[in-house]
Amino acid sequence: MIVADRKSLEEILAMVADNKKILILGCKGCVTVCNVGGLKEVEILTSSLKIARKKLGKPLDIDIQVLERQCDNEYVAELSESVNDYDGVISMACGVGPQFLSEMYKTQVFYPAVNTTFFGGATQHGVWEERCAGCGTCGIHMFGGLCPIARCAKSLLHGPCGGSSEGICEVNADTECIWDSIVKKKMEAGQLEDLMGVKGLKDWTTARDGGPRRSIREELVQGKI
Amino acid sequence: MSELKSGSNLEKVLTAGHFAFTGECGPPKGANTKHLLGKFKYLKGNVDCVNLTDNQTAVVRMSSLAASSLMVGQGLEPNFQMVCRDRNRLAMMSDILGAHALGVRNMLCLSGDHQSFGNHPQAKNVHDIDSMQLIAMVKKMRDEGKFMNGDDIDVPPEMFIGAACNPFADPYEYRVYRLANKIEAGADFIQTQCIFNMEKFRDFMKKTVDMGLHEKSYILAGVTPMKNAGMANFMKKFVPGMDIPDELINRLKGVEKKDQAEEGIKFALEQVEEFKAMEGVAGVHMMAIEWEHRVPEIAKRAGMLPRPVV
């Protein structure tokens, strides 16, 4: 899923400093699962903003709503009658949400309340880790099912680099060296030869380097299924 | 290894069977060519070639290519270091051609320290290709006369291709295979990370020789003379991939502070003596960090002078 972190209250307060009435809009998709932008978090942000603004002597009127998904125009359209009742709208979805909103409602301002960080999952309660860089050409099967593009700080295809120490990445003591895991897995499986030789240069055209990406499923476009 | 690939002095020294002695020089944090040329004077005649580091530890410095060119102008031979952190494949191929045009004939292909260690940690890194692929890319350009897209190169770059090896990083049991892979990819010579743990390096070289890697590439052992116990402590704590035994730190601490530099040099000289006799070691890469002015003395005391003229 897409993982995000909420911006600081100070940052969000600054965004809506001149607003008197706002909507805080949650999303039931990924940000609900990673506990950053679902109903609960919408309510927490609402309370925090109200208290902070009251202290400043500038009370803020806040309505709340949670869409099924903010990355789907079908649900974004649900706001059509109410969206202009507000000075501004805070979106608690990933970076996709406020853009779908901005594209549909061109005269309203949508503030991102979260920083979208990565594609990953929870490794323990309250901890999420990156697993995918969305490079557009998946080859994890060549690396023991572990992605060095997303999980090596240098995206090496032939690691580990000289900074790998006791399974830890040189960049951060809290980060595992994924190449250490790849190599050990291959050695234990007696498949060291898989790591020998030079892999062809990666084609980055399917990644962001090829420009903004688009997926088209013709059968869906044509309404066949 | 009979036919010369680049015609560099380092290649000639090694193919003639001499024990190579290479040096290192960090370009300045500025455009101070006077200071740089001053450092070159200490190295000239005392080493076979000099590594010009490429924004080492991710700290911005004068470009390694520009410094290499200045070195050629002073009659010394550079070993142009190139990291994968700061350039994509276009910039790399372009700089490799430029290096040849400027008279550079040795290259060292590196991944590069992560930018978080340097003085612009907010920078975006590139890592379009990695060091293994860079080695193979230079080889393809040189031997096939082709760019990576298969187009012909009008006058291919002639480079003696170098790669790094750190036997002290983990997992240790894989390091010799990674070295083998670099050699297979096209590394003509190898310069190792600074060696301090001699016991581990002896074991590593035994594995290297057992695999016959020393017959396919020239392996130069990395030596850095410690200036004092503080430097040893700092490197142990803060430089990734360094293995500095407590015995060495205690040895440095065991003498008065004013004598620690001499003790550091003595240890380095003992290392050089052992490397001269160690099977599979074709030379020493002396990384006297910001200590270029001590290189003439170190080279002399190590019995490395005069350098062979080939």
# chains A, B, ... in the order shown; residues from 1 in each chain; ligands from 1
$ interface_residues --of "chain A" --to "chain B" --cutoff "12 Å" --atoms "only C-alpha atoms" --output "MDAnalysis selection string"
chainID A and resid 148:149 152:173 177:188 192:205 207 209
$ residues_around --residues "Ala229 (chain B)" --least-positions-apart "6" --cutoff "9 Å" --atoms "only C-alpha atoms" --output "ChimeraX atom specification"
/B:248-253,257,260-261,264
$ write_last_selection --atoms "all heavy atoms" --output "mmCIF file, in the first residue's frame"
data_model
loop_
_atom_site.group_PDB
_atom_site.id
_atom_site.type_symbol
_atom_site.label_atom_id
_atom_site.label_comp_id
_atom_site.auth_asym_id
_atom_site.auth_seq_id
_atom_site.Cartn_x
_atom_site.Cartn_y
_atom_site.Cartn_z
ATOM 1 N N LEU B 248 46.140 -2.075 17.120
ATOM 2 C CA LEU B 248 46.775 -0.945 16.436
ATOM 3 C C LEU B 248 46.540 0.344 17.221
ATOM 4 O O LEU B 248 47.466 1.149 17.419
ATOM 5 C CB LEU B 248 46.227 -0.818 15.004
ATOM 6 C CG LEU B 248 46.721 0.406 14.230
ATOM 7 C CD1 LEU B 248 48.236 0.429 14.088
ATOM 8 C CD2 LEU B 248 46.067 0.475 12.838
ATOM 9 N N ILE B 249 45.313 0.524 17.681
ATOM 10 C CA ILE B 249 44.997 1.740 18.449
ATOM 11 C C ILE B 249 45.849 1.760 19.727
ATOM 12 O O ILE B 249 46.439 2.790 20.075
ATOM 13 C CB ILE B 249 43.485 1.790 18.764
ATOM 14 C CG1 ILE B 249 42.691 1.928 17.451
ATOM 15 C CG2 ILE B 249 43.160 2.959 19.699
ATOM 16 C CD1 ILE B 249 41.187 1.849 17.592
ATOM 17 N N ASN B 250 45.946 0.607 20.378
ATOM 18 C CA ASN B 250 46.758 0.543 21.606
ATOM 19 C C ASN B 250 48.228 0.790 21.328
ATOM 20 O O ASN B 250 48.931 1.410 22.122
ATOM 21 C CB ASN B 250 46.566 -0.820 22.284
ATOM 22 C CG ASN B 250 45.160 -0.974 22.845
ATOM 23 O OD1 ASN B 250 44.493 0.034 23.120
ATOM 24 N ND2 ASN B 250 44.692 -2.202 22.991
ATOM 25 N N ARG B 251 48.684 0.293 20.166
ATOM 26 C CA ARG B 251 50.087 0.513 19.804
ATOM 27 C C ARG B 251 50.355 2.011 19.639
ATOM 28 O O ARG B 251 51.380 2.510 20.097
ATOM 29 C CB ARG B 251 50.385 -0.243 18.502
ATOM 30 C CG ARG B 251 51.804 -0.044 18.005
ATOM 31 C CD ARG B 251 52.110 -0.930 16.818
ATOM 32 N NE ARG B 251 53.321 -0.474 16.138
ATOM 33 C CZ ARG B 251 53.862 -1.068 15.093
ATOM 34 N NH1 ARG B 251 53.291 -2.154 14.588
ATOM 35 N NH2 ARG B 251 54.956 -0.579 14.536
ATOM 36 N N LEU B 252 49.431 2.713 18.984
ATOM 37 C CA LEU B 252 49.594 4.157 18.787
ATOM 38 C C LEU B 252 49.507 4.896 20.126
ATOM 39 O O LEU B 252 50.276 5.818 20.398
ATOM 40 C CB LEU B 252 48.539 4.686 17.816
ATOM 41 C CG LEU B 252 48.647 4.177 16.372
ATOM 42 C CD1 LEU B 252 47.380 4.495 15.589
ATOM 43 C CD2 LEU B 252 49.863 4.776 15.662
ATOM 44 N N LYS B 253 48.578 4.448 20.942
ATOM 45 C CA LYS B 253 48.409 5.089 22.261
ATOM 46 C C LYS B 253 49.612 4.828 23.167
ATOM 47 O O LYS B 253 49.863 5.587 24.108
ATOM 48 C CB LYS B 253 47.152 4.533 22.949
ATOM 49 C CG LYS B 253 45.859 5.185 22.505
ATOM 50 C CD LYS B 253 44.715 4.603 23.329
ATOM 51 C CE LYS B 253 43.381 5.150 22.888
ATOM 52 N NZ LYS B 253 42.277 4.328 23.421
ATOM 53 N N LYS B 257 52.366 11.281 22.365
ATOM 54 C CA LYS B 257 51.581 11.852 21.282
ATOM 55 C C LYS B 257 52.457 12.342 20.130
ATOM 56 O O LYS B 257 52.138 12.137 18.959
ATOM 57 C CB LYS B 257 50.709 12.994 21.805
ATOM 58 C CG LYS B 257 49.519 13.258 20.919
ATOM 59 C CD LYS B 257 48.386 13.951 21.628
ATOM 60 C CE LYS B 257 47.182 13.967 20.703
ATOM 61 N NZ LYS B 257 46.070 14.702 21.240
ATOM 62 N N GLN B 260 53.406 9.513 17.821
ATOM 63 C CA GLN B 260 52.372 8.638 17.253
ATOM 64 C C GLN B 260 52.416 8.596 15.725
ATOM 65 O O GLN B 260 52.176 7.553 15.120
ATOM 66 C CB GLN B 260 50.983 9.067 17.746
ATOM 67 C CG GLN B 260 50.756 8.702 19.210
ATOM 68 C CD GLN B 260 49.371 9.064 19.715
ATOM 69 O OE1 GLN B 260 48.556 9.642 19.001
ATOM 70 N NE2 GLN B 260 49.106 8.730 20.973
ATOM 71 N N ALA B 261 52.739 9.720 15.094
ATOM 72 C CA ALA B 261 52.812 9.743 13.630
ATOM 73 C C ALA B 261 53.897 8.782 13.155
ATOM 74 O O ALA B 261 53.698 8.006 12.212
ATOM 75 C CB ALA B 261 53.089 11.158 13.142
ATOM 76 N N GLY B 264 52.703 5.327 13.464
ATOM 77 C CA GLY B 264 51.756 5.028 12.378
ATOM 78 C C GLY B 264 52.492 4.696 11.092
ATOM 79 O O GLY B 264 52.131 3.754 10.372
#
$ closest_residue --among "A:Tyr75, A:Trp128, A:Phe110, A:Phe143" --to "Asn35 (chain A)" --atoms "only C-alpha atoms"
A:Trp128
$ closest_residue --among "A:Thr116, A:Gln65, A:Gln99, A:Thr206" --to "Leu39 (chain A)" --atoms "only C-alpha atoms"
A:Gln65
$ closest_residue --among "B:Gly98, B:Gly150, B:Gly303, B:Gly118" --to "Val272 (chain B)" --atoms "only C-alpha atoms"
B:Gly303
$ select_by_dssp --residues "region 59-213 of chain A" --states "helix (DSSP H, G or I)" --output "VMD selection string"
chain A and resid 73 to 79 83 to 85 96 to 104 140 to 143 148 to 151 178 to 188 192 to 195 204 to 206 208 to 210
$ closest_residue --among "B:Pro245, B:Gly26, B:Gly73, B:Gly103" --to "Trp291 (chain B)" --atoms "only C-alpha atoms"
B:Gly26
$ select_by_dssp --residues "region 19-186 of chain A" --states "strand (DSSP E or B)" --output "count of residues only"
41
$ closest_residue --among "A:Ser215, A:Leu220, A:Pro112, A:Cys147" --to "Ala4 (chain A)" --atoms "only C-alpha atoms"
A:Pro112
$ closest_residue --among "B:Ser69, B:Ala20, B:Leu102, B:Lys236" --to "Phe275 (chain B)" --atoms "only C-alpha atoms"
B:Ala20
$ residues_around --residues "region 50-64 of chain B" --least-positions-apart "4" --cutoff "8 Å" --atoms "only C-alpha atoms" --output "ChimeraX atom specification"
/B:22-31,43,68,76-83,108,112-120
